[in-house]
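Notes follow once the structure below has been shown.
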Amino acid sequence: METNKCYTLQSTGDNRDRKADIEACLGRYSACVLGPGKFYVSGIDMPDHTTLTGLASATQLILLPEIEHGYTVRMGSYCCVQDLTLLGAEEKIDLPETVGERHGILYEGTATTKEWMGPDLKLNSVVQNCRISGYTGGGLTCRDTGYYVRASLAVTNCHIVNCGAGINISHYSEYHKFTNIQCCENRYGCINNGGNNVFVSCGFDANVTGFVIDNSTGQSPNNSHGSVVGCTFNHNDNNKGIGIQILNAKSGYVFTGCQMFYSKIDIDNSPGILFNAMNFGRDTVIAVRGKGLVMLTDCVFHGVPDTANVDPDAPTKFLHCYTRDGDEITL
């Protein structure tokens, strides 16, 4: 029992920066358990092979407000962050027009577009059972970990709200797995600009834009060929927003077993986008531009979707798609 107390830190009840205390504990014991209360930090850099744990909603890890560009926790290789509440602000923030630079958890490597499998790239970490809110950047940001399968992040059972982006995979960061994540009431529920990323049983609801893949500027060319399974895209931007937006993605993407209510689909110049066995609610709007194949198969719609903005030259296909009354949907 005494040993356990060695790597447990208690709140001091004030707003002093606890970065050094937490990092020292992680460095000495490879683990740090934060007790109940508030812990203010200027940004924790986790050493490799360490675990940072709290007591779920009883433990609040708060980024000091004077940190304009930074993060609450930056994970190293083979790290685990779990059972914590991470806050970029203690009150609800106004959502930024563009994603900012205050991040909750940052998962970052040294990969470049040319040297993506170097000796320093050895990540593989876990985030679980966290609540994250109040960041202008990503509640969870992944960038520059490259294409290597062992540089992956596994995230499960988290709520991410009121951020610039719930999940922000901003550049060249692949093979991540997200399960049971609620990304709600953010500017973007998820920005997925990396390939081979998989999302299962996640909610991208009540964001301005639910889920976006964006290579419109050519800066994220390896940003698709993954899948979304059993997720929801509902009521985005108070029933006026975009549920799924895919821009200039070249390697395809799969959405299967999902549902979308009161949200649009917007696809531009992106071949190989597949929607299968999905349930669509009222007021479904589908816009497709460019000559890439987009397929909707075995889907059910509350009513005939609005396809007025489907480019007539785009090879968009509806196959075995029907309204709830059994009327077949064709272009």
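Scheme for the structure tokens: letters A, B, ... for chains in order shown; per-chain residue numbers from 1; ligand numbers from 1 in order shown.
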Query - Backbone-only DSSP, strand (DSSP E or B) members of range 20-264 of chain A, as number ranges by chain - result: A: 31-34, 37-41, 44-45, 51-53, 59-63, 70-75, 80-82, 85-87, 102-108, 125-128, 131-133, 138-146, 153-161, 165-173, 177-184, 188-192, 198-200, 203, 209-214, 227-229, 232-234, 242-247, 253-256, 259-261, 264
Query raised in the report: When distances are computed from only C-alpha atoms, which of A:Ile329, A:Val228, A:Ala24, A:Ile273 shows the smallest separation from Asp298 in chain A?
Result: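 Looking only at the distances to Asp298 in chain A, the closest residue turns out to be A:Ile329.
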Report task. State, in Å with one decimal place, the distance from CA of Asn168 in chain A to CA of Asn193 in chain A. Result ->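 So the answer is 8.1 Å.
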Report task. Name the residues in contact with Ser251 in chain A at a cut-off of 10 Å, using only C-alpha atoms, excluding same-chain residues fewer than 3 positions from it; report them as an MDAnalysis selection string. Result -> chainID A and resid 195 221:226 248 270:273
Please produce a file of the residues just selected, as a PDB file, in the first residue's frame, where the atoms kept are N, CA and C atoms.
```pdb
ATOM      1  N   GLY A 195      -4.471   7.992 -43.613  1.00  0.00           N
ATOM      2  CA  GLY A 195      -5.049   6.770 -44.153  1.00  0.00           C
ATOM      3  C   GLY A 195      -5.143   5.657 -43.133  1.00  0.00           C
ATOM      4  N   PRO A 221      -2.153  14.079 -49.032  1.00  0.00           N
ATOM      5  CA  PRO A 221      -2.520  13.172 -50.129  1.00  0.00           C
ATOM      6  C   PRO A 221      -2.820  11.747 -49.702  1.00  0.00           C
ATOM      7  N   ASN A 222      -2.330  11.306 -48.568  1.00  0.00           N
ATOM      8  CA  ASN A 222      -2.557   9.922 -48.144  1.00  0.00           C
ATOM      9  C   ASN A 222      -3.615   9.872 -47.049  1.00  0.00           C
ATOM     10  N   ASN A 223      -4.811  10.379 -47.384  1.00  0.00           N
ATOM     11  CA  ASN A 223      -5.747  10.702 -46.313  1.00  0.00           C
ATOM     12  C   ASN A 223      -7.036   9.899 -46.334  1.00  0.00           C
ATOM     13  N   SER A 224      -7.062   8.735 -46.940  1.00  0.00           N
ATOM     14  CA  SER A 224      -8.323   7.999 -46.926  1.00  0.00           C
ATOM     15  C   SER A 224      -8.038   6.510 -46.778  1.00  0.00           C
ATOM     16  N   HIS A 225      -8.730   5.657 -47.521  1.00  0.00           N
ATOM     17  CA  HIS A 225      -8.676   4.194 -47.442  1.00  0.00           C
ATOM     18  C   HIS A 225      -8.766   3.661 -46.009  1.00  0.00           C
ATOM     19  N   GLY A 226      -9.834   4.050 -45.332  1.00  0.00           N
ATOM     20  CA  GLY A 226     -10.177   3.522 -44.020  1.00  0.00           C
ATOM     21  C   GLY A 226     -11.659   3.199 -43.983  1.00  0.00           C
ATOM     22  N   ASN A 248     -11.325  15.790 -52.415  1.00  0.00           N
ATOM     23  CA  ASN A 248     -10.105  15.439 -53.145  1.00  0.00           C
ATOM     24  C   ASN A 248      -9.360  14.269 -52.518  1.00  0.00           C
ATOM     25  N   SER A 270     -13.647  12.757 -55.346  1.00  0.00           N
ATOM     26  CA  SER A 270     -13.164  11.697 -54.450  1.00  0.00           C
ATOM     27  C   SER A 270     -13.722  10.351 -54.897  1.00  0.00           C
ATOM     28  N   PRO A 271     -12.936   9.555 -55.609  1.00  0.00           N
ATOM     29  CA  PRO A 271     -13.422   8.268 -56.106  1.00  0.00           C
ATOM     30  C   PRO A 271     -13.411   7.183 -55.031  1.00  0.00           C
ATOM     31  N   GLY A 272     -14.283   6.199 -55.216  1.00  0.00           N
ATOM     32  CA  GLY A 272     -14.281   5.033 -54.350  1.00  0.00           C
ATOM     33  C   GLY A 272     -14.876   5.262 -52.981  1.00  0.00           C
ATOM     34  N   ILE A 273     -15.856   6.155 -52.867  1.00  0.00           N
ATOM     35  CA  ILE A 273     -16.539   6.395 -51.596  1.00  0.00           C
ATOM     36  C   ILE A 273     -17.790   5.513 -51.567  1.00  0.00           C
TER      37      ILE A 273
END
```
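Considering the residues A:Ala111, A:Asn234, A:Ile22, A:Gly326 and counting only C-alpha atoms, Cys258 in chain A has its shortest atom-to-atom contact with A:Asn234.
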Requested in this report: Counting only C-alpha atoms, figure out which residue out of A:Cys158, A:Leu95, A:Ile169, A:Val41 gets nearest to Asp83 in chain A.
Outcome: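 Result for the nearest residue to Asp83 in chain A: A:Cys158.
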Query raised in the report: Could you name the residues that touch Ser30 in chain A at 12 Å or less, counting only C-alpha atoms, but leaving out those on the same chain fewer than 6 positions away, as a VMD selection string?
Result: chain A and resid 6 to 8 22 to 24 46 to 53 76 78 to 80
